[in-house]
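Data block for coords_38.txt (compact mmCIF, C-alpha atoms):
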```txt
# COMPACT_ATOMS: atom_id res chain seq x y z
CA MET A 537 11.94 12.77 -70.57
CA ASN A 538 10.43 12.37 -67.12
CA ILE A 539 11.40 10.63 -63.94
CA ARG A 540 7.99 9.66 -62.63
CA THR A 541 6.82 9.86 -59.06
CA THR A 542 7.08 6.55 -57.30
CA LEU A 543 3.74 4.80 -57.00
CA TYR A 544 3.15 2.89 -53.81
CA ILE A 545 1.24 -0.30 -54.54
CA MET A 546 -1.24 -0.60 -51.72
CA THR A 547 -1.84 -4.27 -52.41
CA ALA A 548 1.74 -4.87 -51.30
CA LEU A 549 0.52 -4.09 -47.79
CA LEU A 550 -0.84 -7.62 -47.81
CA ALA A 551 2.81 -8.52 -47.18
CA VAL A 552 2.57 -11.49 -49.50
CA SER A 553 5.72 -13.32 -50.42
CA CYS A 554 6.13 -15.53 -53.44
CA GLY A 555 3.47 -18.22 -53.25
CA ARG A 556 1.99 -17.23 -49.89
CA LYS A 557 -1.72 -17.70 -49.26
CA THR A 558 -3.67 -14.76 -47.85
CA GLY A 559 -5.72 -16.44 -45.13
CA ASP A 560 -8.12 -18.98 -46.61
CA GLY A 561 -8.16 -17.17 -49.94
CA PRO A 562 -6.16 -17.56 -53.14
CA THR A 563 -2.40 -17.66 -53.47
CA VAL A 564 -0.65 -14.40 -54.36
CA SER A 565 2.81 -14.83 -55.88
CA ARG A 566 5.14 -11.84 -55.72
CA PHE A 567 8.11 -11.07 -57.96
CA ASP A 568 10.47 -8.12 -57.37
CA GLY A 569 13.74 -6.95 -58.87
CA PHE A 570 15.59 -4.35 -60.91
CA THR A 571 15.36 -3.43 -64.59
CA GLN A 572 16.01 -0.42 -66.85
CA GLY A 573 17.70 1.46 -64.02
CA THR A 574 14.64 1.11 -61.77
CA THR A 575 12.64 -1.48 -59.83
CA TYR A 576 9.71 -3.72 -60.65
CA HIS A 577 7.02 -5.35 -58.50
CA ILE A 578 4.57 -7.95 -59.74
CA LEU A 579 1.69 -9.66 -57.92
CA VAL A 580 -0.18 -12.59 -59.46
CA LYS A 581 -3.29 -14.15 -57.93
CA SER A 582 -3.81 -17.83 -58.65
CA ASP A 583 -4.99 -21.11 -57.14
CA GLY A 584 -1.46 -22.13 -56.19
CA PRO A 585 2.09 -20.78 -56.01
CA LEU A 586 3.72 -19.75 -59.26
CA HIS A 587 7.41 -19.98 -60.06
CA MET A 588 7.95 -17.56 -62.93
CA GLU A 589 11.13 -15.79 -61.87
CA LYS A 590 13.14 -16.98 -64.87
CA GLU A 591 10.39 -16.21 -67.37
CA ILE A 592 9.85 -12.69 -66.01
CA ASP A 593 13.58 -12.05 -65.89
CA SER A 594 13.87 -13.16 -69.52
CA LEU A 595 11.08 -10.77 -70.59
CA LEU A 596 12.65 -7.86 -68.74
CA THR A 597 16.10 -8.60 -70.15
CA GLU A 598 14.62 -8.65 -73.64
CA VAL A 599 13.09 -5.20 -73.17
CA ASP A 600 16.19 -3.82 -71.43
CA ASN A 601 18.35 -4.92 -74.36
CA SER A 602 16.00 -3.09 -76.67
CA MET A 603 14.91 0.23 -75.15
CA SER A 604 16.99 1.05 -72.08
CA LEU A 605 19.08 4.23 -72.10
CA TYR A 606 20.85 2.87 -69.01
CA ASN A 607 22.23 -0.02 -71.06
CA PRO A 608 24.95 1.30 -73.41
CA GLN A 609 24.65 -1.82 -75.55
CA SER A 610 20.87 -1.69 -75.92
CA LEU A 611 19.46 -1.36 -79.41
CA LEU A 612 18.20 2.14 -78.61
CA SER A 613 21.65 3.24 -77.42
CA ARG A 614 23.19 1.90 -80.62
CA LEU A 615 20.52 3.60 -82.73
CA ASN A 616 21.33 6.88 -80.99
CA ARG A 617 25.01 6.37 -81.81
CA ASN A 618 24.11 5.49 -85.44
CA GLU A 619 25.77 2.09 -85.12
CA THR A 620 22.66 0.55 -86.66
CA ASP A 621 19.38 1.64 -88.22
CA SER A 622 17.50 -1.58 -87.47
CA ALA A 623 14.53 -1.04 -85.12
CA ASP A 624 12.88 -3.99 -83.38
CA GLY A 625 9.19 -4.37 -82.58
CA PHE A 626 9.44 -2.73 -79.16
CA ILE A 627 11.01 0.44 -80.47
CA ALA A 628 8.81 0.59 -83.58
CA GLU A 629 5.62 0.27 -81.51
CA CYS A 630 6.77 2.91 -79.00
CA ILE A 631 7.59 5.31 -81.84
CA ARG A 632 4.14 4.75 -83.38
CA THR A 633 2.37 5.33 -80.06
CA ALA A 634 4.55 8.34 -79.27
CA ARG A 635 3.84 9.95 -82.65
CA ARG A 636 0.09 9.63 -82.13
CA ILE A 637 0.32 11.30 -78.71
CA SER A 638 2.70 13.95 -80.08
CA GLU A 639 0.14 14.85 -82.73
CA GLN A 640 -2.72 14.91 -80.20
CA SER A 641 -0.74 17.15 -77.84
CA ASP A 642 0.52 19.56 -80.54
CA GLY A 643 4.10 18.53 -79.85
CA ALA A 644 4.03 18.81 -76.06
CA TYR A 645 5.12 15.16 -76.05
CA ASP A 646 8.17 14.31 -78.14
CA ILE A 647 10.58 11.39 -77.75
CA THR A 648 13.28 13.13 -79.83
CA VAL A 649 13.93 15.52 -76.93
CA LYS A 650 17.08 13.67 -75.81
CA PRO A 651 19.59 16.28 -77.09
CA LEU A 652 17.90 18.76 -74.76
CA THR A 653 17.52 16.48 -71.73
CA ALA A 654 21.14 15.43 -72.17
CA ALA A 655 22.29 19.06 -72.24
CA TYR A 656 20.41 19.68 -68.99
CA GLY A 657 21.94 16.55 -67.46
CA PHE A 658 18.75 14.50 -67.11
CA THR A 659 19.82 11.32 -68.93
CA GLY A 660 23.03 10.62 -67.07
CA ASP A 661 25.03 13.10 -69.12
CA VAL A 662 27.14 15.93 -67.73
CA PRO A 663 25.00 19.11 -67.85
CA VAL A 664 26.10 21.86 -70.19
CA GLN A 665 26.29 25.37 -68.78
CA ASN A 666 24.22 27.73 -70.93
CA PRO A 667 23.37 25.18 -73.67
CA ASP A 668 22.74 26.47 -77.20
CA VAL A 669 19.03 25.69 -77.15
CA ASP A 670 18.34 27.06 -80.65
CA SER A 671 20.88 24.69 -82.17
CA LEU A 672 19.60 21.74 -80.16
CA LEU A 673 16.00 22.42 -81.20
CA LYS A 674 17.01 21.70 -84.79
CA LEU A 675 17.58 18.10 -83.67
CA VAL A 676 14.14 17.79 -82.08
CA GLY A 677 10.89 16.94 -83.84
CA TYR A 678 8.68 13.86 -83.68
CA ASP A 679 7.86 14.26 -87.38
CA LYS A 680 11.56 13.98 -88.25
CA ILE A 681 11.81 10.27 -87.42
CA ALA A 682 9.96 7.18 -88.63
CA VAL A 683 10.36 3.43 -88.82
CA GLU A 684 10.04 2.16 -92.38
CA ASN A 685 10.42 -1.53 -93.20
CA GLY A 686 12.10 -2.11 -89.85
CA ARG A 687 14.60 0.72 -90.35
CA LEU A 688 14.77 3.91 -88.32
CA ARG A 689 14.86 7.00 -90.50
CA LYS A 690 16.18 10.27 -89.04
CA ALA A 691 16.05 13.63 -90.76
CA ASP A 692 19.43 14.37 -89.16
CA PRO A 693 21.83 11.64 -87.99
CA ARG A 694 22.56 13.66 -84.84
CA MET A 695 18.98 13.16 -83.64
CA GLN A 696 18.51 10.92 -80.59
CA ILE A 697 15.52 9.22 -79.04
CA ASP A 698 14.61 9.10 -75.36
CA LEU A 699 11.99 6.43 -74.58
CA ASN A 700 12.16 6.86 -70.79
CA SER A 701 8.69 8.42 -70.85
CA ILE A 702 7.07 5.38 -72.47
CA ALA A 703 9.38 2.34 -72.25
CA GLN A 704 8.58 1.33 -68.69
CA GLY A 705 4.86 1.58 -69.34
CA ALA A 706 5.35 -0.49 -72.48
CA THR A 707 7.25 -3.04 -70.38
CA SER A 708 4.29 -3.43 -68.02
CA ASP A 709 2.03 -3.92 -71.05
CA TYR A 710 4.41 -6.53 -72.50
CA ILE A 711 4.41 -8.60 -69.32
CA ALA A 712 0.62 -8.27 -69.13
CA ALA A 713 0.31 -9.60 -72.68
CA TYR A 714 2.51 -12.55 -71.70
CA PHE A 715 0.29 -13.30 -68.71
CA GLU A 716 -2.80 -13.15 -70.91
CA LYS A 717 -1.29 -15.73 -73.27
CA LEU A 718 -0.81 -18.02 -70.29
CA GLY A 719 -4.42 -17.53 -69.22
CA ILE A 720 -3.46 -15.50 -66.14
CA GLU A 721 -6.26 -13.00 -65.58
CA GLU A 722 -5.62 -11.45 -62.16
CA TYR A 723 -2.39 -9.58 -61.61
CA MET A 724 -0.73 -6.26 -60.90
CA ILE A 725 2.44 -5.24 -62.76
CA GLU A 726 4.52 -2.19 -61.83
CA VAL A 727 7.75 -1.24 -63.60
CA GLY A 728 9.37 2.00 -62.47
CA GLY A 729 6.00 3.30 -61.24
CA GLU A 730 4.13 2.46 -64.46
CA ILE A 731 1.31 0.03 -63.76
CA PHE A 732 -1.08 -2.32 -65.47
CA CYS A 733 -3.67 -4.30 -63.50
CA ARG A 734 -6.19 -6.93 -64.44
CA GLY A 735 -8.88 -8.67 -62.42
CA LEU A 736 -9.20 -8.43 -58.65
CA ASN A 737 -6.80 -8.59 -55.73
CA ALA A 738 -6.70 -11.26 -53.03
CA LYS A 739 -9.61 -9.61 -51.23
CA GLY A 740 -11.80 -9.84 -54.33
CA LYS A 741 -11.65 -6.10 -54.96
CA PRO A 742 -9.96 -3.97 -57.64
CA TRP A 743 -6.26 -3.39 -57.08
CA VAL A 744 -5.55 -0.19 -55.14
CA VAL A 745 -2.72 2.17 -56.05
CA GLY A 746 -1.52 4.94 -53.74
CA ILE A 747 -0.22 8.19 -55.22
CA ASP A 748 2.55 9.90 -53.24
CA ARG A 749 2.02 13.48 -52.14
CA PRO A 750 4.13 15.68 -54.48
CA LYS A 751 6.34 17.55 -52.07
CA GLU A 752 10.10 17.92 -51.96
CA GLY A 753 11.70 15.53 -49.51
CA ASN A 754 9.01 12.86 -49.95
CA PHE A 755 11.44 10.16 -51.08
CA THR A 756 9.94 7.15 -49.28
CA PRO A 757 7.18 5.47 -51.34
CA GLY A 758 3.97 5.26 -49.36
CA ALA A 759 5.20 7.43 -46.47
CA ASP A 760 2.90 10.33 -47.36
CA LEU A 761 0.05 9.47 -49.72
CA GLN A 762 -2.13 11.98 -51.53
CA VAL A 763 -4.86 9.57 -52.64
CA LYS A 764 -5.66 5.90 -53.33
CA ILE A 765 -7.13 4.86 -56.67
CA SER A 766 -8.89 1.58 -57.52
CA LEU A 767 -7.61 0.09 -60.77
CA SER A 768 -8.44 -2.90 -62.96
CA GLY A 769 -8.09 -3.48 -66.70
CA LYS A 770 -6.25 -0.19 -67.23
CA GLY A 771 -2.77 1.30 -67.22
CA LEU A 772 -1.69 4.01 -64.78
CA ALA A 773 1.35 6.26 -64.55
CA THR A 774 2.35 9.42 -62.71
CA SER A 775 4.69 12.19 -63.83
CA GLY A 776 6.00 14.88 -61.51
CA ASN A 777 8.69 17.50 -61.05
CA TYR A 778 9.20 17.61 -57.30
CA ARG A 779 11.73 14.79 -56.86
CA LYS A 780 14.13 15.29 -59.75
CA PHE A 781 15.77 18.65 -60.32
CA ARG A 782 19.10 20.36 -60.04
CA THR A 783 20.21 23.93 -59.40
CA ASP A 784 22.34 25.76 -61.96
CA SER A 785 25.16 28.23 -61.26
CA SER A 786 22.69 31.12 -60.92
CA GLY A 787 20.59 29.26 -58.35
CA ARG A 788 17.75 28.49 -60.76
CA LYS A 789 15.94 25.19 -60.18
CA ILE A 790 16.14 23.13 -63.40
CA VAL A 791 13.33 20.56 -63.43
CA HIS A 792 13.56 17.39 -65.47
CA THR A 793 10.55 18.10 -67.70
CA VAL A 794 11.64 19.93 -70.83
CA ASP A 795 9.21 21.49 -73.31
CA PRO A 796 10.32 20.06 -76.68
CA ARG A 797 8.76 23.02 -78.49
CA THR A 798 10.79 25.70 -76.70
CA GLY A 799 13.74 23.69 -75.41
CA GLN A 800 13.27 25.18 -71.96
CA PRO A 801 12.65 23.40 -68.63
CA VAL A 802 9.01 23.65 -67.69
CA THR A 803 8.05 26.12 -64.97
CA SER A 804 4.55 25.32 -63.78
CA ASP A 805 2.24 25.16 -60.78
CA LEU A 806 1.31 21.62 -61.88
CA LEU A 807 3.19 19.33 -59.49
CA SER A 808 2.14 15.90 -60.70
CA ALA A 809 -0.16 14.25 -63.22
CA THR A 810 -1.53 10.76 -62.70
CA VAL A 811 -3.11 9.28 -65.83
CA VAL A 812 -5.28 6.22 -66.35
CA ALA A 813 -5.50 4.99 -69.94
CA GLU A 814 -6.09 1.81 -71.94
CA THR A 815 -2.42 0.86 -71.70
CA SER A 816 0.39 1.67 -69.33
CA ALA A 817 2.49 3.00 -72.22
CA GLU A 818 -0.20 5.51 -73.12
CA ALA A 819 -0.67 6.55 -69.48
CA ASP A 820 3.11 7.01 -69.23
CA ALA A 821 3.30 9.26 -72.28
CA TYR A 822 0.15 11.26 -71.53
CA GLY A 823 1.47 12.02 -68.03
CA THR A 824 4.57 13.58 -69.54
CA ALA A 825 2.50 15.54 -72.05
CA LEU A 826 0.30 16.97 -69.29
CA MET A 827 3.33 18.07 -67.26
CA VAL A 828 4.62 19.96 -70.29
CA MET A 829 1.21 21.53 -70.98
CA GLY A 830 0.66 22.77 -67.44
CA LEU A 831 -2.59 22.97 -65.52
CA GLU A 832 -4.92 25.05 -67.70
CA ARG A 833 -3.86 23.65 -71.06
CA GLY A 834 -3.86 20.18 -69.53
CA LYS A 835 -7.46 20.58 -68.36
CA GLU A 836 -8.47 21.69 -71.85
CA PHE A 837 -6.71 18.68 -73.34
CA LEU A 838 -8.47 16.27 -70.96
CA ALA A 839 -11.85 17.82 -71.77
CA ALA A 840 -11.18 17.20 -75.46
CA HIS A 841 -10.07 13.60 -74.77
CA PRO A 842 -12.58 12.06 -72.33
CA GLU A 843 -11.07 8.62 -72.92
CA ILE A 844 -8.09 9.77 -70.82
CA GLN A 845 -8.60 10.00 -67.07
CA ALA A 846 -6.32 12.07 -64.84
CA TYR A 847 -5.67 13.23 -61.29
CA LEU A 848 -3.73 16.51 -61.30
CA ILE A 849 -2.08 18.00 -58.22
CA TYR A 850 -1.12 21.65 -58.37
CA SER A 851 -0.09 24.50 -56.11
CA ASP A 852 -2.37 27.52 -55.72
CA GLU A 853 -1.28 31.12 -55.18
CA GLN A 854 -0.90 30.49 -51.44
CA GLY A 855 1.27 27.43 -52.08
CA ARG A 856 -1.41 24.98 -50.97
CA PHE A 857 -2.02 21.65 -52.70
CA GLN A 858 -5.12 21.58 -54.88
CA THR A 859 -6.46 18.85 -57.15
CA TYR A 860 -8.29 18.48 -60.43
CA VAL A 861 -9.87 15.08 -61.14
CA THR A 862 -11.65 13.97 -64.29
CA PRO A 863 -15.16 12.70 -63.51
CA GLU A 864 -14.71 8.99 -64.26
CA LEU A 865 -11.49 8.75 -62.29
CA GLY A 866 -13.13 10.52 -59.36
CA ARG A 867 -15.47 7.57 -59.00
CA THR A 868 -12.55 5.15 -58.57
CA ILE A 869 -10.92 6.96 -55.64
CA ALA A 870 -10.72 4.48 -52.78
CA ARG A 871 -12.47 5.62 -49.62
```

Go ahead and render the structure in this file as structure tokens.
Amino acid sequence: MNIRTTLYIMTALLAVSCGRKTGDGPTVSRFDGFTQGTTYHILVKSDGPLHMEKEIDSLLTEVDNSMSLYNPQSLLSRLNRNETDSADGFIAECIRTARRISEQSDGAYDITVKPLTAAYGFTGDVPVQNPDVDSLLKLVGYDKIAVENGRLRKADPRMQIDLNSIAQGATSDYIAAYFEKLGIEEYMIEVGGEIFCRGLNAKGKPWVVGIDRPKEGNFTPGADLQVKISLSGKGLATSGNYRKFRTDSSGRKIVHTVDPRTGQPVTSDLLSATVVAETSAEADAYGTALMVMGLERGKEFLAAHPEIQAYLIYSDEQGRFQTYVTPELGRTIAR
């Protein structure tokens, strides 16, 4: 659904390598790699060096084999091709979370939007010139799918699911749960820009996350930051339209956020939405929902849901960057 803005993890500026001490303080072990068509970065603070590369790789492979649209043999890919109707725990939990957020957002968030994103060429498919949106909309609807007794039920077998707007956040949550089982209480996990942090960083302060300024051409993470946010015990994700778009034959910019209610790419002055929520999966999905809603409807939604914190960047009538920040999140902005 959305290709999120890249989040620059400010704690990485400590330049820690795997198992390196930061001065006389604790050891910070660092793990980096690729998964689900994107990158991951993990920092773990402990009394001594940790060697968890194989365990982390195993966790990521497990999730990739379940929910990745970039893996043609993943369970989700096979479900979309109707080669099976068996849904594992990852997919079932994402569908349950997604349905709750779809209902809260009056359908602005919908993981069944894949026929539309595929037609626009946003999921690796060849874009269709002048797609038949009305026909595709018949294959979209969060209330048309459900997991019952471990089986995925679709109202129409042609329906497809796109978990890109929640899977990477869910992956961060899954690794966090694994760390908790091991008694690891201080860490930062980032998968594809979706983050979950716990405890304090090597300096004894909350982890700090930098949000890239949402302007075209800003492709280097951390090169031009809009703001830094302190984070601990929460999930964070950012959605934005400024990095991923294409131009159709008439010169129209087609952004990668598609409104599942209308089938049309979203045109909005809202440039990016950073969300802090109880889990990274929820932050991931809410960010997408806010981008679909746009600025004014998004502000109304946030007022009605004070448990969700957000930092919205939008363009005013003069083309200048402006921000809207929910009160609680405003207090966590790093100075």

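Coordinates place CA of Ala644 in chain A at a distance of 5.4 Å from CA of Ala825 in chain A.
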
Residue neighbourhood range 594-602 of chain A, 8 Å, all atoms listed in the file, exclusion window fewer than 3 positions, as JSON, numbers by chain: {"A": [571, 572, 590, 591, 607, 609, 610, 611, 612, 624, 626, 627, 707, 711]}

If you measure from CA of Val811 in chain A to CA of Arg856 in chain A, what distance in Å do you get, rounded to one decimal?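 Interatomic distance, CA of Val811 in chain A to CA of Arg856 in chain A: 21.7 Å.
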
I need every residue sitting at most 7 Å from the point (9.3, 19.4, -81.1) (coordinates as in the file, all atoms listed in the file considered), written as a list of chain:residue names.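 The distance filter leaves exactly A:Gly643, A:Asp646, A:Val676, A:Gly677, A:Tyr678, A:Pro796, A:Arg797.
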
Go through range 559-601 of chain A and flag each residue having an atom no more than 9 Å from range 733-741 of chain A; for those, report the closest pair of atoms plus their distance in Å to one decimal, using all atoms listed in the file, ordered by chain and rising number, as a Markdown table.
```
| residue | atom | partner | partner_atom | distance |
| --- | --- | --- | --- | --- |
| A:Gly561 | CA | A:Ala738 | CA | 6.8 |
| A:Pro562 | CA | A:Ala738 | CA | 6.3 |
| A:Thr563 | CA | A:Ala738 | CA | 7.7 |
| A:Val564 | CA | A:Ala738 | CA | 6.9 |
| A:Leu579 | CA | A:Asn737 | CA | 8.8 |
| A:Val580 | CA | A:Asn737 | CA | 8.6 |
| A:Lys581 | CA | A:Ala738 | CA | 6.6 |
```
